[in-house]
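Trainee: Take a look at final-v6.cif, mmCIF, C-alpha atoms and all ligand atoms; chains and numbers go by the auth columns:
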```cif
data_structure
#
loop_
_atom_site.group_PDB
_atom_site.id
_atom_site.type_symbol
_atom_site.label_atom_id
_atom_site.label_comp_id
_atom_site.label_asym_id
_atom_site.label_seq_id
_atom_site.Cartn_x
_atom_site.Cartn_y
_atom_site.Cartn_z
_atom_site.B_iso_or_equiv
_atom_site.auth_seq_id
_atom_site.auth_asym_id
ATOM 1 C CA SER A 1 -24.086 92.325 -149.804 0.00 22 G
ATOM 2 C CA SER A 2 -25.245 89.492 -152.051 0.00 23 G
ATOM 3 C CA LYS A 3 -21.672 88.978 -153.263 0.00 24 G
ATOM 4 C CA GLY A 4 -19.264 86.402 -151.911 0.00 25 G
ATOM 5 C CA THR A 5 -19.693 83.759 -149.291 0.00 26 G
ATOM 6 C CA SER A 6 -22.469 84.297 -146.750 0.00 27 G
ATOM 7 C CA VAL A 7 -21.612 84.702 -143.070 0.00 28 G
ATOM 8 C CA ASN A 8 -23.261 81.368 -142.254 0.00 29 G
ATOM 9 C CA ASP A 9 -21.186 79.628 -144.930 0.00 30 G
ATOM 10 C CA LYS A 10 -18.022 81.124 -143.427 0.00 31 G
ATOM 11 C CA LEU A 11 -19.033 80.076 -139.914 0.00 32 G
ATOM 12 C CA TYR A 12 -19.773 76.567 -141.151 0.00 33 G
ATOM 13 C CA ALA A 13 -16.364 76.418 -142.879 0.00 34 G
ATOM 14 C CA ILE A 14 -14.709 77.421 -139.580 0.00 35 G
ATOM 15 C CA CYS A 15 -16.572 74.605 -137.795 0.00 36 G
ATOM 16 C CA GLN A 16 -15.485 72.104 -140.448 0.00 37 G
ATOM 17 C CA LEU A 17 -11.850 73.200 -140.277 0.00 38 G
ATOM 18 C CA LEU A 18 -11.667 73.086 -136.476 0.00 39 G
ATOM 19 C CA GLU A 19 -13.390 69.691 -136.231 0.00 40 G
ATOM 20 C CA LYS A 20 -11.132 68.229 -138.930 0.00 41 G
ATOM 21 C CA GLU A 21 -7.800 69.639 -137.773 0.00 42 G
ATOM 22 C CA VAL A 22 -8.018 69.261 -133.992 0.00 43 G
ATOM 23 C CA ALA A 23 -8.444 65.602 -133.027 0.00 44 G
ATOM 24 C CA TYR A 24 -10.126 66.366 -129.686 0.00 45 G
ATOM 25 C CA TYR A 25 -12.633 68.902 -131.142 0.00 46 G
ATOM 26 C CA ASN A 26 -15.540 66.540 -131.837 0.00 47 G
ATOM 27 C CA TRP A 27 -18.538 68.898 -131.980 0.00 48 G
ATOM 28 C CA VAL A 28 -17.957 72.517 -133.023 0.00 49 G
ATOM 29 C CA GLY A 29 -20.743 75.060 -133.275 0.00 50 G
ATOM 30 C CA PHE A 30 -21.891 78.633 -132.825 0.00 51 G
ATOM 31 C CA TYR A 31 -24.731 79.908 -130.664 0.00 52 G
ATOM 32 C CA PHE A 32 -25.983 83.491 -131.008 0.00 53 G
ATOM 33 C CA LYS A 33 -28.298 85.672 -128.957 0.00 54 G
ATOM 34 C CA ASN A 34 -31.766 85.268 -130.439 0.00 55 G
ATOM 35 C CA GLY A 35 -32.926 88.797 -131.224 0.00 56 G
ATOM 36 C CA ASP A 36 -33.987 90.546 -128.033 0.00 57 G
ATOM 37 C CA LYS A 37 -35.000 87.290 -126.319 0.00 58 G
ATOM 38 C CA ASN A 38 -33.067 86.039 -123.292 0.00 59 G
ATOM 39 C CA GLU A 39 -31.972 82.905 -125.112 0.00 60 G
ATOM 40 C CA LEU A 40 -29.323 81.504 -127.447 0.00 61 G
ATOM 41 C CA LYS A 41 -30.077 80.057 -130.864 0.00 62 G
ATOM 42 C CA LEU A 42 -27.930 77.429 -132.571 0.00 63 G
ATOM 43 C CA GLY A 43 -26.068 78.607 -135.656 0.00 64 G
ATOM 44 C CA PRO A 44 -23.773 76.653 -137.975 0.00 65 G
ATOM 45 C CA TYR A 45 -22.221 73.520 -136.444 0.00 66 G
ATOM 46 C CA VAL A 46 -20.395 70.311 -137.302 0.00 67 G
ATOM 47 C CA GLY A 47 -21.003 67.109 -135.359 0.00 68 G
ATOM 48 C CA ALA A 48 -23.951 65.136 -134.078 0.00 69 G
ATOM 49 C CA PRO A 49 -27.306 66.941 -134.454 0.00 70 G
ATOM 50 C CA THR A 50 -28.550 68.360 -131.138 0.00 71 G
ATOM 51 C CA ASP A 51 -32.082 68.878 -129.819 0.00 72 G
ATOM 52 C CA HIS A 52 -30.816 72.002 -128.036 0.00 73 G
ATOM 53 C CA THR A 53 -31.323 74.571 -130.777 0.00 74 G
ATOM 54 C CA ILE A 54 -32.618 77.112 -128.226 0.00 75 G
ATOM 55 C CA ILE A 55 -30.897 77.538 -124.840 0.00 76 G
ATOM 56 C CA PRO A 56 -32.299 79.970 -122.228 0.00 77 G
ATOM 57 C CA PHE A 57 -29.772 82.368 -120.659 0.00 78 G
ATOM 58 C CA GLY A 58 -28.350 80.783 -117.509 0.00 79 G
ATOM 59 C CA LYS A 59 -29.065 77.205 -118.604 0.00 80 G
ATOM 60 C CA GLY A 60 -26.214 74.792 -119.263 0.00 81 G
ATOM 61 C CA ILE A 61 -22.631 75.765 -119.938 0.00 82 G
ATOM 62 C CA CYS A 62 -23.639 77.872 -122.959 0.00 83 G
ATOM 63 C CA GLY A 63 -26.405 79.708 -121.106 0.00 84 G
ATOM 64 C CA GLN A 64 -24.024 80.491 -118.246 0.00 85 G
ATOM 65 C CA VAL A 65 -21.473 82.022 -120.652 0.00 86 G
ATOM 66 C CA ALA A 66 -24.246 84.193 -122.156 0.00 87 G
ATOM 67 C CA VAL A 67 -24.608 85.723 -118.663 0.00 88 G
ATOM 68 C CA SER A 68 -21.007 85.664 -117.335 0.00 89 G
ATOM 69 C CA ASN A 69 -19.258 86.961 -120.497 0.00 90 G
ATOM 70 C CA LYS A 70 -16.354 84.663 -119.557 0.00 91 G
ATOM 71 C CA ASN A 71 -14.686 81.608 -121.042 0.00 92 G
ATOM 72 C CA PHE A 72 -15.989 78.364 -119.522 0.00 93 G
ATOM 73 C CA VAL A 73 -13.686 75.341 -119.646 0.00 94 G
ATOM 74 C CA VAL A 74 -15.213 72.083 -118.411 0.00 95 G
ATOM 75 C CA PRO A 75 -12.669 69.261 -118.004 0.00 96 G
ATOM 76 C CA ASP A 76 -15.358 66.760 -116.913 0.00 97 G
ATOM 77 C CA VAL A 77 -18.981 67.400 -117.888 0.00 98 G
ATOM 78 C CA SER A 78 -20.223 64.766 -115.414 0.00 99 G
ATOM 79 C CA ALA A 79 -19.051 67.014 -112.557 0.00 100 G
ATOM 80 C CA GLN A 80 -21.292 69.931 -113.681 0.00 101 G
ATOM 81 C CA ASP A 81 -24.787 70.258 -112.221 0.00 102 G
ATOM 82 C CA ASN A 82 -25.881 73.021 -114.646 0.00 103 G
ATOM 83 C CA TYR A 83 -25.090 71.135 -117.833 0.00 104 G
ATOM 84 C CA ILE A 84 -27.174 70.246 -120.904 0.00 105 G
ATOM 85 C CA ALA A 85 -26.126 66.870 -122.332 0.00 106 G
ATOM 86 C CA CYS A 86 -26.277 66.674 -126.123 0.00 107 G
ATOM 87 C CA SER A 87 -24.515 63.332 -126.596 0.00 108 G
ATOM 88 C CA ILE A 88 -23.439 60.620 -124.177 0.00 109 G
ATOM 89 C CA THR A 89 -20.006 60.456 -125.857 0.00 110 G
ATOM 90 C CA VAL A 90 -19.068 63.974 -124.680 0.00 111 G
ATOM 91 C CA LYS A 91 -16.544 64.162 -121.827 0.00 112 G
ATOM 92 C CA ALA A 92 -15.466 67.820 -121.866 0.00 113 G
ATOM 93 C CA GLU A 93 -16.570 71.190 -123.222 0.00 114 G
ATOM 94 C CA ILE A 94 -15.187 74.672 -123.867 0.00 115 G
ATOM 95 C CA VAL A 95 -17.269 77.787 -124.550 0.00 116 G
ATOM 96 C CA ILE A 96 -15.721 81.118 -125.565 0.00 117 G
ATOM 97 C CA PRO A 97 -17.858 84.281 -125.888 0.00 118 G
ATOM 98 C CA ILE A 98 -17.875 86.452 -129.019 0.00 119 G
ATOM 99 C CA PHE A 99 -17.860 90.214 -128.455 0.00 120 G
ATOM 100 C CA VAL A 100 -18.978 92.888 -130.915 0.00 121 G
ATOM 101 C CA ASN A 101 -18.532 96.457 -129.621 0.00 122 G
ATOM 102 C CA SER A 102 -17.866 94.958 -126.153 0.00 123 G
ATOM 103 C CA GLU A 103 -21.254 93.198 -126.216 0.00 124 G
ATOM 104 C CA ASN A 104 -21.460 89.417 -125.765 0.00 125 G
ATOM 105 C CA ILE A 105 -23.437 88.472 -128.879 0.00 126 G
ATOM 106 C CA GLY A 106 -22.763 84.733 -129.028 0.00 127 G
ATOM 107 C CA GLN A 107 -20.181 82.054 -128.560 0.00 128 G
ATOM 108 C CA ILE A 108 -18.255 79.171 -129.993 0.00 129 G
ATOM 109 C CA ASP A 109 -19.044 75.865 -128.282 0.00 130 G
ATOM 110 C CA ILE A 110 -16.772 72.835 -128.594 0.00 131 G
ATOM 111 C CA ASP A 111 -17.419 69.369 -127.177 0.00 132 G
ATOM 112 C CA SER A 112 -14.725 66.727 -126.783 0.00 133 G
ATOM 113 C CA ASN A 113 -14.992 62.974 -126.435 0.00 134 G
ATOM 114 C CA THR A 114 -11.575 63.080 -124.712 0.00 135 G
ATOM 115 C CA PRO A 115 -11.503 63.756 -120.948 0.00 136 G
ATOM 116 C CA ASP A 116 -9.816 67.020 -119.841 0.00 137 G
ATOM 117 C CA PRO A 117 -8.267 67.926 -123.233 0.00 138 G
ATOM 118 C CA PHE A 118 -8.442 71.745 -123.167 0.00 139 G
ATOM 119 C CA THR A 119 -5.485 73.933 -122.170 0.00 140 G
ATOM 120 C CA GLU A 120 -4.885 77.675 -122.004 0.00 141 G
ATOM 121 C CA ALA A 121 -3.573 77.369 -125.556 0.00 142 G
ATOM 122 C CA ASP A 122 -7.084 76.332 -126.673 0.00 143 G
ATOM 123 C CA GLU A 123 -8.544 79.352 -124.876 0.00 144 G
ATOM 124 C CA ARG A 124 -6.066 81.776 -126.502 0.00 145 G
ATOM 125 C CA PHE A 125 -6.543 80.180 -129.930 0.00 146 G
ATOM 126 C CA LEU A 126 -10.350 80.177 -129.717 0.00 147 G
ATOM 127 C CA GLU A 127 -10.370 83.786 -128.418 0.00 148 G
ATOM 128 C CA PHE A 128 -8.424 84.631 -131.595 0.00 149 G
ATOM 129 C CA VAL A 129 -10.963 82.735 -133.730 0.00 150 G
ATOM 130 C CA CYS A 130 -13.842 84.547 -131.973 0.00 151 G
ATOM 131 C CA LYS A 131 -12.220 87.953 -132.661 0.00 152 G
ATOM 132 C CA LYS A 132 -11.935 87.046 -136.343 0.00 153 G
ATOM 133 C CA VAL A 133 -15.570 85.883 -136.339 0.00 154 G
ATOM 134 C CA ALA A 134 -16.684 89.145 -134.684 0.00 155 G
ATOM 135 C CA SER A 135 -14.985 91.070 -137.481 0.00 156 G
ATOM 136 C CA ILE A 136 -17.112 89.388 -140.188 0.00 157 G
ATOM 137 C CA LEU A 137 -20.510 89.618 -138.444 0.00 158 G
HETATM 138 N N1 LIG B . -23.555 71.177 -123.456 0.00 1 I
HETATM 139 C C1 LIG B . -24.080 72.492 -123.741 0.00 1 I
HETATM 140 C C2 LIG B . -25.277 72.425 -124.653 0.00 1 I
HETATM 141 C C3 LIG B . -24.929 72.526 -126.083 0.00 1 I
HETATM 142 S S1 LIG B . -24.331 71.040 -126.710 0.00 1 I
HETATM 143 O O1 LIG B . -22.945 70.868 -126.115 0.00 1 I
HETATM 144 C C4 LIG B . -24.162 71.141 -128.354 0.00 1 I
HETATM 145 C C5 LIG B . -24.442 73.202 -122.467 0.00 1 I
HETATM 146 O O2 LIG B . -24.402 72.613 -121.388 0.00 1 I
HETATM 147 O O3 LIG B . -24.790 74.379 -122.546 0.00 1 I
#
```
Could the structure of this file be written out as structure tokens, please?
Mentor:
Amino acid sequence: SSKGTSVNDKLYAICQLLEKEVAYYNWVGFYFKNGDKNELKLGPYVGAPTDHTIIPFGKGICGQVAVSNKNFVVPDVSAQDNYIACSITVKAEIVIPIFVNSENIGQIDIDSNTPDPFTEADERFLEFVCKKVASIL
């Protein structure tokens, strides 16, 4: 439909809200499967621009979630060997997959400049956000 706010505008508004309201959410963005390619493509985000607009499946935290279909909570990014650094200020990361008809079609990715900030409450909350996102795609 040409009416109303576009999906990308809504996703960007979600990024803005999360980054503004949660002090330890410092980069908030969406990655989506890129057509039928085995890679993720960066969608709307808030935070420092990243060179990693395309991420092959399996690469980095995001690429691993594209394959595992599971939440990935990283308390200390420096302890990860399969990690793609976007900014030297980032200490921790959380990635939650987005499912449409049981298919993993993308993810929300959040970086934190605070060490080990994410709890199970973040996982439950972001799973809720991802379900809402799935319902508007
Ligand atoms: N750190 C991610 C790459 C995306 S940036 O955080 C925006 C990863 O390892 O997949």
Trainee: Which residue out of G:Asn55, G:Gln37, G:Thr26, G:Gln101 has the minimum interatomic distance to ligand LIG 1 (chain I) when all atoms listed in the file are used?
Mentor: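 The closest residue to ligand LIG 1 (chain I) is G:Gln101.
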Trainee: Name the residues that the PyMOL selection byres (((chain G and resi 113) around 8) and not hetatm) picks from the file above, as an NGL selection string, using the file's chain letters and numbers.
Mentor: :G and (95-98 or 111-112 or 114-115 or 132-138)
Trainee: To one decimal in Å, tell me the separation between atom CA of G:Phe51 and atom CA of G:Lys91.
Mentor: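 A separation of 15.6 Å between them.
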Trainee: How many Å lie between atom CA of G:Val150 and atom CA of G:Glu60, rounded to one decimal?
Mentor: 22.7 Å
Trainee: Find the residues near G:Ile75: any atom within 8 Å, counting all atoms listed in the file, skip ones fewer than 2 places away on the same chain, and give them as a VMD selection string.
Mentor: chain G and resid 60 to 63 73 77
Trainee: What are the closest atom pairs, with distances in Å to one decimal, for each residue of chain G lying within 6 Å of ligand LIG 1 (chain I), using all atoms listed in the file, rows by chain and rising residue number, as CSV?
Mentor:
```
residue,atom,partner,partner_atom,distance
G:Thr71,CA,I:LIG1,C4,5.9
G:Gly81,CA,I:LIG1,O2,3.5
G:Ile82,CA,I:LIG1,O3,3.7
G:Cys83,CA,I:LIG1,O3,3.7
G:Gly84,CA,I:LIG1,O3,5.8
G:Tyr104,CA,I:LIG1,O2,3.9
G:Ile105,CA,I:LIG1,O2,3.7
G:Ala106,CA,I:LIG1,N1,5.1
G:Cys107,CA,I:LIG1,S1,4.8
G:Asp132,CA,I:LIG1,O1,5.8
```
Trainee: When you count all atoms listed in the file, which of these residues is closest to G:Pro70: G:Tyr46, G:Val86, G:Ala34, G:Ser108?
Mentor: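 Comparing G:Tyr46, G:Val86, G:Ala34, G:Ser108 against G:Pro70, the winner is G:Ser108.
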Trainee: In Å, rounded to a single decimal, give me how far atom CA of G:Gly127 is from atom CA of G:Lys54.
Mentor: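 The value is 5.6 Å.
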Trainee: Written as number ranges by chain, which residues does the PyMOL selection byres (((chain G and resi 144) around 12) and not hetatm) give for the file shown?
Mentor: G: 91-95, 114-118, 129-131, 138-143, 145-151
Trainee: Can you write out the residues you just picked, keeping C-alpha atoms, as a PDB file, in the frame of the given file?
Mentor:
```
ATOM      1  CA  LYS G  91     -16.354  84.663-119.557  1.00  0.00           C
ATOM      2  CA  ASN G  92     -14.686  81.608-121.042  1.00  0.00           C
ATOM      3  CA  PHE G  93     -15.989  78.364-119.522  1.00  0.00           C
ATOM      4  CA  VAL G  94     -13.686  75.341-119.646  1.00  0.00           C
ATOM      5  CA  VAL G  95     -15.213  72.083-118.411  1.00  0.00           C
ATOM      6  CA  GLU G 114     -16.570  71.190-123.222  1.00  0.00           C
ATOM      7  CA  ILE G 115     -15.187  74.672-123.867  1.00  0.00           C
ATOM      8  CA  VAL G 116     -17.269  77.787-124.550  1.00  0.00           C
ATOM      9  CA  ILE G 117     -15.721  81.118-125.565  1.00  0.00           C
ATOM     10  CA  PRO G 118     -17.858  84.281-125.888  1.00  0.00           C
ATOM     11  CA  ILE G 129     -18.255  79.171-129.993  1.00  0.00           C
ATOM     12  CA  ASP G 130     -19.044  75.865-128.282  1.00  0.00           C
ATOM     13  CA  ILE G 131     -16.772  72.835-128.594  1.00  0.00           C
ATOM     14  CA  PRO G 138      -8.267  67.926-123.233  1.00  0.00           C
ATOM     15  CA  PHE G 139      -8.442  71.745-123.167  1.00  0.00           C
ATOM     16  CA  THR G 140      -5.485  73.933-122.170  1.00  0.00           C
ATOM     17  CA  GLU G 141      -4.885  77.675-122.004  1.00  0.00           C
ATOM     18  CA  ALA G 142      -3.573  77.369-125.556  1.00  0.00           C
ATOM     19  CA  ASP G 143      -7.084  76.332-126.673  1.00  0.00           C
ATOM     20  CA  ARG G 145      -6.066  81.776-126.502  1.00  0.00           C
ATOM     21  CA  PHE G 146      -6.543  80.180-129.930  1.00  0.00           C
ATOM     22  CA  LEU G 147     -10.350  80.177-129.717  1.00  0.00           C
ATOM     23  CA  GLU G 148     -10.370  83.786-128.418  1.00  0.00           C
ATOM     24  CA  PHE G 149      -8.424  84.631-131.595  1.00  0.00           C
ATOM     25  CA  VAL G 150     -10.963  82.735-133.730  1.00  0.00           C
ATOM     26  CA  CYS G 151     -13.842  84.547-131.973  1.00  0.00           C
TER      27      CYS G 151
END
```
Trainee: For stretch 54-87 of chain G, supply N, CA and C atoms and report the output as a PDB file, in the coordinates of the input.
Mentor:
```pdb
ATOM      1  N   LYS G  54     -27.121  85.112-129.611  1.00  0.00           N
ATOM      2  CA  LYS G  54     -28.298  85.672-128.957  1.00  0.00           C
ATOM      3  C   LYS G  54     -29.422  85.771-129.962  1.00  0.00           C
ATOM      4  N   ASN G  55     -30.612  85.356-129.548  1.00  0.00           N
ATOM      5  CA  ASN G  55     -31.766  85.268-130.439  1.00  0.00           C
ATOM      6  C   ASN G  55     -32.574  86.567-130.361  1.00  0.00           C
ATOM      7  N   GLY G  56     -32.225  87.511-131.216  1.00  0.00           N
ATOM      8  CA  GLY G  56     -32.926  88.797-131.224  1.00  0.00           C
ATOM      9  C   GLY G  56     -32.857  89.450-129.860  1.00  0.00           C
ATOM     10  N   ASP G  57     -33.994  89.912-129.361  1.00  0.00           N
ATOM     11  CA  ASP G  57     -33.987  90.546-128.033  1.00  0.00           C
ATOM     12  C   ASP G  57     -34.499  89.582-126.959  1.00  0.00           C
ATOM     13  N   LYS G  58     -34.574  88.287-127.310  1.00  0.00           N
ATOM     14  CA  LYS G  58     -35.000  87.290-126.319  1.00  0.00           C
ATOM     15  C   LYS G  58     -33.819  86.902-125.429  1.00  0.00           C
ATOM     16  N   ASN G  59     -34.112  86.474-124.214  1.00  0.00           N
ATOM     17  CA  ASN G  59     -33.067  86.039-123.292  1.00  0.00           C
ATOM     18  C   ASN G  59     -32.745  84.569-123.526  1.00  0.00           C
ATOM     19  N   GLU G  60     -32.291  84.283-124.739  1.00  0.00           N
ATOM     20  CA  GLU G  60     -31.972  82.905-125.112  1.00  0.00           C
ATOM     21  C   GLU G  60     -30.941  82.893-126.238  1.00  0.00           C
ATOM     22  N   LEU G  61     -30.273  81.741-126.360  1.00  0.00           N
ATOM     23  CA  LEU G  61     -29.323  81.504-127.447  1.00  0.00           C
ATOM     24  C   LEU G  61     -29.995  80.647-128.504  1.00  0.00           C
ATOM     25  N   LYS G  62     -29.583  80.873-129.762  1.00  0.00           N
ATOM     26  CA  LYS G  62     -30.077  80.057-130.864  1.00  0.00           C
ATOM     27  C   LYS G  62     -28.887  79.421-131.569  1.00  0.00           C
ATOM     28  N   LEU G  63     -29.010  78.148-131.890  1.00  0.00           N
ATOM     29  CA  LEU G  63     -27.930  77.429-132.571  1.00  0.00           C
ATOM     30  C   LEU G  63     -27.714  77.976-133.983  1.00  0.00           C
ATOM     31  N   GLY G  64     -26.462  78.214-134.311  1.00  0.00           N
ATOM     32  CA  GLY G  64     -26.068  78.607-135.656  1.00  0.00           C
ATOM     33  C   GLY G  64     -25.396  77.438-136.348  1.00  0.00           C
ATOM     34  N   PRO G  65     -24.477  77.728-137.281  1.00  0.00           N
ATOM     35  CA  PRO G  65     -23.773  76.653-137.975  1.00  0.00           C
ATOM     36  C   PRO G  65     -22.993  75.759-136.996  1.00  0.00           C
ATOM     37  N   TYR G  66     -22.965  74.460-137.289  1.00  0.00           N
ATOM     38  CA  TYR G  66     -22.221  73.520-136.444  1.00  0.00           C
ATOM     39  C   TYR G  66     -21.803  72.315-137.267  1.00  0.00           C
ATOM     40  N   VAL G  67     -20.813  71.595-136.741  1.00  0.00           N
ATOM     41  CA  VAL G  67     -20.395  70.311-137.302  1.00  0.00           C
ATOM     42  C   VAL G  67     -20.374  69.301-136.164  1.00  0.00           C
ATOM     43  N   GLY G  68     -20.954  68.145-136.377  1.00  0.00           N
ATOM     44  CA  GLY G  68     -21.003  67.109-135.359  1.00  0.00           C
ATOM     45  C   GLY G  68     -22.419  66.569-135.259  1.00  0.00           C
ATOM     46  N   ALA G  69     -22.648  65.776-134.230  1.00  0.00           N
ATOM     47  CA  ALA G  69     -23.951  65.136-134.078  1.00  0.00           C
ATOM     48  C   ALA G  69     -25.047  66.193-133.943  1.00  0.00           C
ATOM     49  N   PRO G  70     -26.193  66.012-134.629  1.00  0.00           N
ATOM     50  CA  PRO G  70     -27.306  66.941-134.454  1.00  0.00           C
ATOM     51  C   PRO G  70     -27.730  66.995-132.980  1.00  0.00           C
ATOM     52  N   THR G  71     -28.131  68.188-132.533  1.00  0.00           N
ATOM     53  CA  THR G  71     -28.550  68.360-131.138  1.00  0.00           C
ATOM     54  C   THR G  71     -29.996  68.840-131.082  1.00  0.00           C
ATOM     55  N   ASP G  72     -30.716  68.393-130.057  1.00  0.00           N
ATOM     56  CA  ASP G  72     -32.082  68.878-129.819  1.00  0.00           C
ATOM     57  C   ASP G  72     -32.061  70.298-129.262  1.00  0.00           C
ATOM     58  N   HIS G  73     -30.884  70.737-128.776  1.00  0.00           N
ATOM     59  CA  HIS G  73     -30.816  72.002-128.036  1.00  0.00           C
ATOM     60  C   HIS G  73     -30.498  73.166-128.967  1.00  0.00           C
ATOM     61  N   THR G  74     -31.482  73.478-129.824  1.00  0.00           N
ATOM     62  CA  THR G  74     -31.323  74.571-130.777  1.00  0.00           C
ATOM     63  C   THR G  74     -31.628  75.919-130.118  1.00  0.00           C
ATOM     64  N   ILE G  75     -32.362  75.901-129.020  1.00  0.00           N
ATOM     65  CA  ILE G  75     -32.618  77.112-128.226  1.00  0.00           C
ATOM     66  C   ILE G  75     -32.181  76.820-126.798  1.00  0.00           C
ATOM     67  N   ILE G  76     -31.364  77.706-126.226  1.00  0.00           N
ATOM     68  CA  ILE G  76     -30.897  77.538-124.840  1.00  0.00           C
ATOM     69  C   ILE G  76     -31.187  78.833-124.070  1.00  0.00           C
ATOM     70  N   PRO G  77     -32.023  78.773-123.029  1.00  0.00           N
ATOM     71  CA  PRO G  77     -32.299  79.970-122.228  1.00  0.00           C
ATOM     72  C   PRO G  77     -31.034  80.474-121.527  1.00  0.00           C
ATOM     73  N   PHE G  78     -30.891  81.791-121.407  1.00  0.00           N
ATOM     74  CA  PHE G  78     -29.772  82.368-120.659  1.00  0.00           C
ATOM     75  C   PHE G  78     -29.737  81.739-119.265  1.00  0.00           C
ATOM     76  N   GLY G  79     -28.528  81.371-118.831  1.00  0.00           N
ATOM     77  CA  GLY G  79     -28.350  80.783-117.509  1.00  0.00           C
ATOM     78  C   GLY G  79     -28.374  79.267-117.506  1.00  0.00           C
ATOM     79  N   LYS G  80     -28.934  78.672-118.572  1.00  0.00           N
ATOM     80  CA  LYS G  80     -29.065  77.205-118.604  1.00  0.00           C
ATOM     81  C   LYS G  80     -27.876  76.557-119.307  1.00  0.00           C
ATOM     82  N   GLY G  81     -27.330  75.527-118.683  1.00  0.00           N
ATOM     83  CA  GLY G  81     -26.214  74.792-119.263  1.00  0.00           C
ATOM     84  C   GLY G  81     -24.943  75.631-119.285  1.00  0.00           C
ATOM     85  N   ILE G  82     -23.917  75.073-119.845  1.00  0.00           N
ATOM     86  CA  ILE G  82     -22.631  75.765-119.938  1.00  0.00           C
ATOM     87  C   ILE G  82     -22.786  76.981-120.858  1.00  0.00           C
ATOM     88  N   CYS G  83     -23.460  76.783-121.987  1.00  0.00           N
ATOM     89  CA  CYS G  83     -23.639  77.872-122.959  1.00  0.00           C
ATOM     90  C   CYS G  83     -24.443  79.016-122.357  1.00  0.00           C
ATOM     91  N   GLY G  84     -25.556  78.681-121.716  1.00  0.00           N
ATOM     92  CA  GLY G  84     -26.405  79.708-121.106  1.00  0.00           C
ATOM     93  C   GLY G  84     -25.696  80.480-120.008  1.00  0.00           C
ATOM     94  N   GLN G  85     -24.799  79.807-119.296  1.00  0.00           N
ATOM     95  CA  GLN G  85     -24.024  80.491-118.246  1.00  0.00           C
ATOM     96  C   GLN G  85     -23.030  81.484-118.858  1.00  0.00           C
ATOM     97  N   VAL G  86     -22.437  81.123-119.992  1.00  0.00           N
ATOM     98  CA  VAL G  86     -21.473  82.022-120.652  1.00  0.00           C
ATOM     99  C   VAL G  86     -22.194  83.252-121.227  1.00  0.00           C
ATOM    100  N   ALA G  87     -23.451  83.061-121.652  1.00  0.00           N
ATOM    101  CA  ALA G  87     -24.246  84.193-122.156  1.00  0.00           C
ATOM    102  C   ALA G  87     -24.416  85.253-121.071  1.00  0.00           C
TER     103      ALA G  87
END
```
